[in-house]
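J.: Sharing work11.cif below, mmCIF, C-alpha atoms:
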```
data_coords
loop_
_atom_site.label_atom_id
_atom_site.label_comp_id
_atom_site.auth_asym_id
_atom_site.auth_seq_id
_atom_site.Cartn_x
_atom_site.Cartn_y
_atom_site.Cartn_z
CA MET A 1 97.42 4.44 25.72
CA THR A 2 95.98 6.60 22.93
CA LEU A 3 92.75 5.64 21.21
CA GLN A 4 92.35 6.76 17.60
CA PHE A 5 88.87 7.60 16.38
CA GLY A 6 86.98 10.18 14.37
CA PRO A 7 85.58 13.49 15.65
CA ALA A 8 82.61 13.32 18.00
CA ARG A 9 79.53 15.47 17.56
CA GLN A 10 79.38 18.21 20.16
CA SER A 11 75.60 18.57 20.41
CA TRP A 12 75.33 17.12 23.90
CA PRO A 13 74.92 20.37 25.88
CA ASP A 14 71.62 20.91 24.07
CA ALA A 15 70.36 17.34 24.54
CA ASP A 16 67.14 16.81 26.49
CA VAL A 17 67.83 14.79 29.64
CA THR A 18 64.42 15.22 31.28
CA ASN A 19 63.49 11.54 31.25
CA LEU A 20 67.06 10.39 31.89
CA VAL A 21 67.72 12.13 35.20
CA PRO A 22 65.89 9.42 37.21
CA TYR A 23 68.14 6.83 35.54
CA ASP A 24 71.24 8.69 36.65
CA GLU A 25 70.06 9.59 40.14
CA ILE A 26 68.02 6.51 41.11
CA TYR A 27 68.55 3.47 38.88
CA LEU A 28 72.28 3.94 38.36
CA PRO A 29 73.22 3.64 42.07
CA ALA A 30 70.51 1.08 42.86
CA VAL A 31 70.88 -1.24 39.87
CA PHE A 32 73.38 -0.40 37.14
CA HIS A 33 76.44 0.62 39.17
CA PRO A 34 76.50 -2.63 41.20
CA TRP A 35 76.13 -4.67 38.03
CA GLY A 36 78.84 -2.60 36.33
CA CYS A 37 81.23 -3.33 39.19
CA LEU A 38 80.56 -7.05 38.86
CA LEU A 39 81.10 -6.88 35.10
CA VAL A 40 84.47 -5.10 35.30
CA GLU A 41 85.63 -7.32 38.16
CA ALA A 42 84.70 -10.46 36.19
CA LEU A 43 86.45 -9.22 33.04
CA GLY A 44 89.56 -8.13 34.95
CA PRO A 45 91.23 -5.73 32.45
CA ALA A 46 94.83 -4.91 33.30
CA PRO A 47 95.93 -1.44 34.43
CA GLY A 48 97.10 0.59 31.47
CA ALA A 49 94.78 -1.17 29.02
CA GLY A 50 92.54 0.49 26.44
CA ALA A 51 88.83 -0.25 26.80
CA LEU A 52 85.69 0.42 24.80
CA ASP A 53 82.33 0.56 26.58
CA LEU A 54 79.39 -0.02 24.25
CA GLY A 55 76.12 1.73 25.08
CA CYS A 56 77.90 3.64 27.83
CA GLY A 57 74.82 5.57 28.97
CA PRO A 58 75.77 8.19 31.59
CA GLY A 59 79.23 6.67 31.98
CA THR A 60 78.45 3.94 34.50
CA VAL A 61 80.83 1.21 33.33
CA ALA A 62 83.21 3.66 31.63
CA ARG A 63 83.93 5.28 35.00
CA ILE A 64 84.41 1.92 36.72
CA LEU A 65 86.83 0.95 33.95
CA SER A 66 88.64 4.27 34.34
CA ALA A 67 89.26 3.61 38.03
CA ARG A 68 90.56 0.11 37.31
CA LEU A 69 92.79 0.98 34.33
CA GLY A 70 94.47 3.95 36.00
CA PRO A 71 96.05 7.03 34.43
CA SER A 72 98.08 5.04 31.88
CA GLY A 73 94.92 3.45 30.45
CA ALA A 74 92.23 4.89 28.21
CA VAL A 75 88.47 4.45 27.92
CA LEU A 76 86.15 5.24 25.04
CA GLY A 77 82.43 5.37 25.88
CA LEU A 78 80.11 5.02 22.90
CA ASP A 79 76.36 5.68 22.95
CA ALA A 80 73.66 6.58 20.45
CA SER A 81 71.87 8.91 22.89
CA PRO A 82 73.07 12.53 23.06
CA GLY A 83 71.17 12.88 26.33
CA MET A 84 73.07 10.02 27.96
CA LEU A 85 76.35 11.44 26.67
CA ARG A 86 75.49 14.84 28.09
CA LEU A 87 75.01 13.28 31.52
CA ALA A 88 78.25 11.31 31.18
CA SER A 89 80.43 14.16 29.98
CA ALA A 90 79.21 16.51 32.73
CA LYS A 91 80.67 14.30 35.45
CA PRO A 92 84.09 15.05 36.93
CA ALA A 93 87.12 13.01 35.97
CA VAL A 94 87.68 9.82 37.96
CA PRO A 95 90.46 10.51 40.49
CA ALA A 96 93.69 8.83 39.35
CA GLY A 97 91.66 7.15 36.61
CA ALA A 98 92.14 6.60 32.91
CA PRO A 99 90.95 9.47 30.70
CA ILE A 100 87.49 8.86 29.24
CA THR A 101 86.40 10.04 25.81
CA TYR A 102 82.69 9.96 25.01
CA MET A 103 81.45 9.63 21.45
CA GLU A 104 78.04 9.42 19.80
CA GLY A 105 77.51 6.32 17.69
CA GLY A 106 75.89 2.92 17.26
CA LEU A 107 77.25 -0.58 17.74
CA ALA A 108 78.12 -1.24 14.10
CA PRO A 109 80.28 -0.07 12.50
CA LEU A 110 82.62 0.94 15.32
CA PRO A 111 84.90 4.00 14.91
CA LEU A 112 88.14 2.13 15.68
CA PRO A 113 90.76 0.29 13.63
CA ASP A 114 91.25 -3.46 13.73
CA GLY A 115 92.94 -4.85 16.81
CA SER A 116 93.17 -1.52 18.62
CA ILE A 117 91.44 -2.29 21.93
CA ASP A 118 92.29 -4.58 24.85
CA ALA A 119 88.78 -4.94 26.28
CA VAL A 120 85.18 -4.31 25.21
CA THR A 121 82.29 -4.06 27.65
CA GLY A 122 78.56 -3.78 27.18
CA GLN A 123 76.04 -3.54 30.00
CA GLN A 124 72.50 -4.40 28.88
CA VAL A 125 73.02 -3.17 25.32
CA ILE A 126 73.31 -6.07 22.84
CA GLN A 127 69.59 -6.89 23.02
CA PHE A 128 68.88 -3.40 21.68
CA ALA A 129 71.18 -3.71 18.67
CA PRO A 130 69.40 -3.71 15.29
CA ASP A 131 71.78 -6.52 14.27
CA PRO A 132 73.34 -8.18 17.35
CA ALA A 133 75.50 -10.49 15.23
CA ALA A 134 77.00 -7.52 13.37
CA ALA A 135 77.60 -5.69 16.65
CA LEU A 136 79.52 -8.65 18.09
CA ALA A 137 81.50 -9.10 14.87
CA GLU A 138 82.55 -5.45 15.14
CA ALA A 139 83.49 -5.89 18.79
CA ARG A 140 85.72 -8.80 17.80
CA ARG A 141 87.25 -6.83 14.92
CA VAL A 142 88.44 -3.96 17.13
CA LEU A 143 89.84 -6.25 19.82
CA ARG A 144 93.49 -7.20 19.70
CA PRO A 145 94.24 -10.95 19.53
CA GLY A 146 93.57 -12.33 22.99
CA GLY A 147 91.46 -9.31 23.94
CA LEU A 148 88.37 -9.77 26.07
CA VAL A 149 84.71 -8.87 25.75
CA GLY A 150 82.45 -8.72 28.81
CA LEU A 151 78.67 -8.36 28.62
CA THR A 152 75.72 -8.43 30.96
CA ILE A 153 72.24 -9.41 29.87
CA TRP A 154 69.09 -9.71 31.96
CA SER A 155 67.48 -13.04 32.63
CA GLY A 156 63.76 -13.27 31.88
CA THR A 157 61.09 -11.67 34.03
CA ALA A 158 60.46 -15.01 35.76
CA ASP A 159 63.83 -14.49 37.50
CA ASN A 160 63.48 -10.73 37.98
CA PRO A 161 60.68 -9.75 40.38
CA LEU A 162 61.27 -6.03 39.84
CA PHE A 163 60.95 -6.22 36.07
CA ARG A 164 58.10 -8.73 36.31
CA ALA A 165 56.15 -6.29 38.48
CA LEU A 166 56.81 -3.32 36.19
CA HIS A 167 55.87 -5.34 33.11
CA GLY A 168 52.72 -6.74 34.71
CA ALA A 169 51.57 -3.31 35.86
CA ILE A 170 52.07 -1.82 32.40
CA ALA A 171 50.14 -4.71 30.85
CA SER A 172 47.24 -4.13 33.25
CA PHE A 173 47.27 -0.34 32.90
CA PHE A 174 48.06 0.24 29.22
CA GLY A 175 47.46 -3.15 27.58
CA PRO A 176 49.52 -5.79 25.75
CA GLU A 177 50.94 -3.53 23.03
CA ALA A 178 52.63 -1.26 25.57
CA ALA A 179 53.75 -4.26 27.61
CA GLY A 180 55.34 -5.73 24.50
CA ARG A 181 57.36 -2.58 23.93
CA LEU A 182 58.51 -2.57 27.56
CA ALA A 183 59.76 -6.16 27.26
CA LYS A 184 62.75 -5.33 25.02
CA PRO A 185 65.37 -5.35 27.84
CA TRP A 186 64.48 -8.99 28.63
CA SER A 187 63.92 -10.14 25.07
CA MET A 188 67.21 -12.00 24.49
CA PRO A 189 67.87 -15.14 26.54
CA PRO A 190 71.45 -15.24 27.85
CA ASP A 191 72.02 -18.56 26.06
CA ARG A 192 71.21 -16.82 22.79
CA LEU A 193 73.95 -14.27 23.45
CA VAL A 194 76.41 -17.10 24.12
CA ASP A 195 75.50 -18.62 20.75
CA LEU A 196 75.97 -15.27 19.01
CA LEU A 197 79.42 -14.80 20.56
CA ILE A 198 80.50 -18.25 19.39
CA GLY A 199 79.05 -17.53 15.94
CA ALA A 200 81.06 -14.28 15.80
CA GLY A 201 84.28 -16.24 16.33
CA PHE A 202 84.90 -15.64 20.04
CA THR A 203 86.44 -18.41 22.15
CA ASP A 204 86.59 -19.29 25.84
CA VAL A 205 83.01 -18.13 26.32
CA VAL A 206 81.99 -18.21 30.00
CA GLN A 207 78.49 -17.53 31.31
CA ALA A 208 77.82 -16.85 35.00
CA PRO A 209 74.26 -16.10 36.18
CA ARG A 210 74.17 -13.80 39.20
CA THR A 211 71.45 -12.37 41.43
CA ILE A 212 72.03 -9.21 43.44
CA PRO A 213 69.83 -7.34 45.92
CA VAL A 214 68.32 -3.99 45.02
CA CYS A 215 67.03 -1.32 47.38
CA PHE A 216 65.01 1.77 46.48
CA PRO A 217 64.98 3.97 49.60
CA GLY A 218 62.34 6.21 48.01
CA GLY A 219 59.88 3.33 47.76
CA LEU A 220 57.59 2.53 44.86
CA ALA A 221 57.98 5.94 43.25
CA ASP A 222 61.72 5.28 42.89
CA ALA A 223 61.21 1.71 41.69
CA CYS A 224 58.84 2.95 38.99
CA THR A 225 61.17 5.63 37.63
CA MET A 226 62.54 3.06 35.16
CA LEU A 227 59.32 3.57 33.24
CA LEU A 228 60.32 7.19 32.56
CA PHE A 229 63.32 6.12 30.42
CA SER A 230 61.67 3.09 28.83
CA PRO A 231 59.74 2.52 25.58
CA VAL A 232 56.54 3.48 27.46
CA SER A 233 57.97 6.73 28.82
CA ASP A 234 55.60 8.95 26.82
CA GLU A 235 52.51 7.23 28.19
CA VAL A 236 53.78 7.26 31.77
CA ALA A 237 54.95 10.88 31.62
CA ALA A 238 51.52 11.96 30.36
CA LEU A 239 49.68 10.51 33.39
CA ASP A 240 48.21 12.88 35.93
CA GLU A 241 49.19 12.39 39.55
CA PRO A 242 46.16 10.26 40.60
CA SER A 243 46.68 7.93 37.63
CA ARG A 244 50.38 7.67 38.39
CA ARG A 245 49.59 6.64 41.96
CA VAL A 246 47.31 3.90 40.63
CA LEU A 247 50.11 2.63 38.40
CA HIS A 248 52.53 2.62 41.33
CA GLN A 249 50.01 0.69 43.41
CA LEU A 250 49.74 -1.93 40.66
CA VAL A 251 53.51 -2.37 40.76
CA GLY A 252 53.40 -2.60 44.55
CA ARG A 253 50.88 -5.44 44.47
CA LEU A 254 53.27 -7.48 42.35
CA LEU A 255 56.32 -6.84 44.55
CA GLU A 256 57.26 -7.74 48.09
CA PRO A 257 55.59 -5.29 50.53
CA PRO A 258 57.76 -2.24 51.27
CA ALA A 259 59.81 -2.26 54.45
CA ALA A 260 58.69 -0.38 57.55
CA ASP A 261 60.58 2.71 56.37
CA GLY A 262 58.87 2.53 52.96
CA ALA A 263 61.94 1.27 51.07
CA VAL A 264 61.46 -1.33 48.34
CA HIS A 265 63.76 -4.35 48.56
CA THR A 266 63.95 -6.77 45.65
CA THR A 267 66.49 -8.51 43.40
CA THR A 268 67.71 -8.48 39.82
CA THR A 269 69.18 -11.45 37.94
CA ALA A 270 71.42 -11.35 34.90
CA SER A 271 74.22 -13.30 33.26
CA LEU A 272 77.79 -12.08 33.17
CA ILE A 273 79.27 -13.35 29.90
CA ALA A 274 82.94 -13.08 28.99
CA ALA A 275 84.77 -14.27 25.88
CA ARG A 276 88.15 -13.96 24.18
CA ARG A 277 89.07 -12.88 20.67
#
```
I need this file expressed as structure tokens, please.
T.:
Amino acid sequence: MTLQFGPARQSWPDADVTNLVPYDEIYLPAVFHPWGCLLVEALGPAPGAGALDLGCGPGTVARILSARLGPSGAVLGLDASPGMLRLASAKPAVPAGAPITYMEGGLAPLPLPDGSIDAVTGQQVIQFAPDPAAALAEARRVLRPGGLVGLTIWSGTADNPLFRALHGAIASFFGPEAAGRLAKPWSMPPDRLVDLLIGAGFTDVVQAPRTIPVCFPGGLADACTMLLFSPVSDEVAALDEPSRRVLHQLVGRLLEPPAADGAVHTTTTASLIAARR
């Protein structure tokens, strides 16, 4: 299948990925890849389909889609971050997978014609949209009749001990203003996303909360790397080593004690939400 879209900017080789490497090397395998697999499995796009992954980051879900759709399919990964796109485009092609094209852009408007895509995915992205309703309306526009959208969105920190610990430590260390900025990933209740999908005209909306285990073999230092690609990354990156250890200790007090080998074991909870155009 051939996807038609405008030319992509080719500025990615010069993009700064300093704060994003921990995402790709630590949080992707520990957190985002397992959730991406659940998302694609729940959506179930057919081999040979064309798929659009919104907020593709370093290609996590796009690559899972590529493996599922096979060489006769096609995947377009869209992200507003040149750094994330640099990480994604540097990865080798998925063996026997659909070709992936990466493009810089936001969630609305989308660079595709009406009814041109079989499936749209978005892993932890809609809550960051300046206008979530407009983003979902655009997703519906580019889907063919009967096409599917699949989204994941975090549950609140009450159901996510990892995020609750990170948020609590930032509140204690930097204060409420910084903690407020860090809270964006958990700022949209899953039920609100369901309402937005219905309001955008989607049908057959299904919501399935799931909890999956997470392990950080590198211990608290690995668990805390999320802070380096978060809205408080500048403050955390500026800490000297003793201060950073104090911050990590604060996180540790709010989590289950590390295992004997130092690994951190916890869970994350989100909703898998699917709907039909």
J.: When the PyMOL selection byres ((chain A and resi 103) around 7) is applied to the file above, which residues end up in the set, as a PDB file with C-alpha atoms, in the coordinates of the input?
T.:
```
ATOM      1  CA  ALA A   8      82.610  13.320  18.000  1.00  0.00           C
ATOM      2  CA  GLY A  77      82.430   5.370  25.880  1.00  0.00           C
ATOM      3  CA  LEU A  78      80.110   5.020  22.900  1.00  0.00           C
ATOM      4  CA  ASP A  79      76.360   5.680  22.950  1.00  0.00           C
ATOM      5  CA  THR A 101      86.400  10.040  25.810  1.00  0.00           C
ATOM      6  CA  TYR A 102      82.690   9.960  25.010  1.00  0.00           C
ATOM      7  CA  GLU A 104      78.040   9.420  19.800  1.00  0.00           C
ATOM      8  CA  GLY A 105      77.510   6.320  17.690  1.00  0.00           C
TER       9      GLY A 105
END
```
J.: Starting from the PyMOL selection byres ((chain A and resi 122) around 8), expand the selection into actual residues of this file and give them as a list in words.
T.: Asp53, Leu54, Gly55, Cys56, Val120, Thr121, Gln123, Gln124, Val125, Ile126, Gly150, Leu151 and Thr152 of chain A
J.: I want to know what sits within 12 Å of Trp154 (chain A), based on all atoms listed in the file, with residues of the same chain fewer than 5 positions away left out; could you give that as a PyMOL selection string?
T.: chain A and resi 31-32+35+123-127+159-164+183-193+208-212+267-273
J.: Running the PyMOL selection byres ((chain A and resi 246-258) around 10) on this model by hand, what would come out? Give it as a count of residues only.
T.: 37
J.: One decimal, Å: what's the distance from CA of Leu112 (chain A) over to CA of Gly36 (chain A), could you say?
T.: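 Answer for the CA of Leu112 (chain A) to CA of Gly36 (chain A) separation: 23.1 Å.
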J.: Using all atoms listed in the file, pick whichever of A:Asp234, A:Leu43, A:Leu228, A:Gly70 has the shortest atom-to-atom distance to Pro22 (chain A).
T.: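 Looking at the shortest contact to Pro22 (chain A), the residue is A:Leu228.
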J.: Nearest to Thr203 (chain A) among A:Met226, A:Ala274, A:Ala15, A:Ala171, with distances taken over all atoms listed in the file: which residue is it?
T.: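 Among A:Met226, A:Ala274, A:Ala15, A:Ala171, it is A:Ala274 that comes nearest to Thr203 (chain A).
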J.: What does the distance from CA of Arg276 (chain A) to CA of Gly106 (chain A) come to in Å, to one decimal?
T.: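 One can read the CA of Arg276 (chain A) to CA of Gly106 (chain A) distance as 22.0 Å.
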J.: Between A:Ala275, A:Ala119, A:Met84, A:Leu143, which has the minimum distance to Gly57 (chain A) (counting only C-alpha atoms)?
T.: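 For Gly57 (chain A), the nearest of the candidates is A:Met84.
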J.: Nearest to Lys91 (chain A): which of A:Arg140, A:Arg277, A:Arg181, A:Arg63 is it, counting all atoms listed in the file?
T.: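 Using all atoms listed in the file, the shortest distance to Lys91 (chain A) belongs to A:Arg63.
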J.: If I take CA of Ile100 (chain A) and CA of Asp118 (chain A), how far is one from the other in Å, to one decimal?
T.: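 Answer for the CA of Ile100 (chain A) to CA of Asp118 (chain A) separation: 14.9 Å.
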J.: Select, from A:Ala67, A:Ala98, A:Arg86, A:Asp114, the residue with the minimum atom-to-atom distance to Val21 (chain A), counting only C-alpha atoms.
T.: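 Of A:Ala67, A:Ala98, A:Arg86, A:Asp114, the one nearest Val21 (chain A), counting only C-alpha atoms, is A:Arg86.
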J.: Using all atoms listed in the file, can you tell me which of A:Val232, A:Pro113, A:Pro47, A:Gly59 comes closest to Pro176 (chain A)?
T.: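 Going through A:Val232, A:Pro113, A:Pro47, A:Gly59 one by one, the smallest distance to Pro176 (chain A) is for A:Val232.
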J.: As a list in words, please: the residues near Asp131 (chain A) (cut-off 12 Å, only C-alpha atoms, same-chain neighbours under 5 positions excluded).
T.: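 Everything that qualifies: Gly106, Leu107, Ala108, Pro109, Val125, Ile126, Leu136, Ala137, Glu138 and Leu196 of chain A.
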J.: Using only C-alpha atoms, determine which residues lie at most 9 Å from Pro13 (chain A), disregarding the query and same-chain residues fewer than 3 positions distant; provide the list as a PyMOL selection string.
T.: chain A and resi 10+16+82-83+86+90
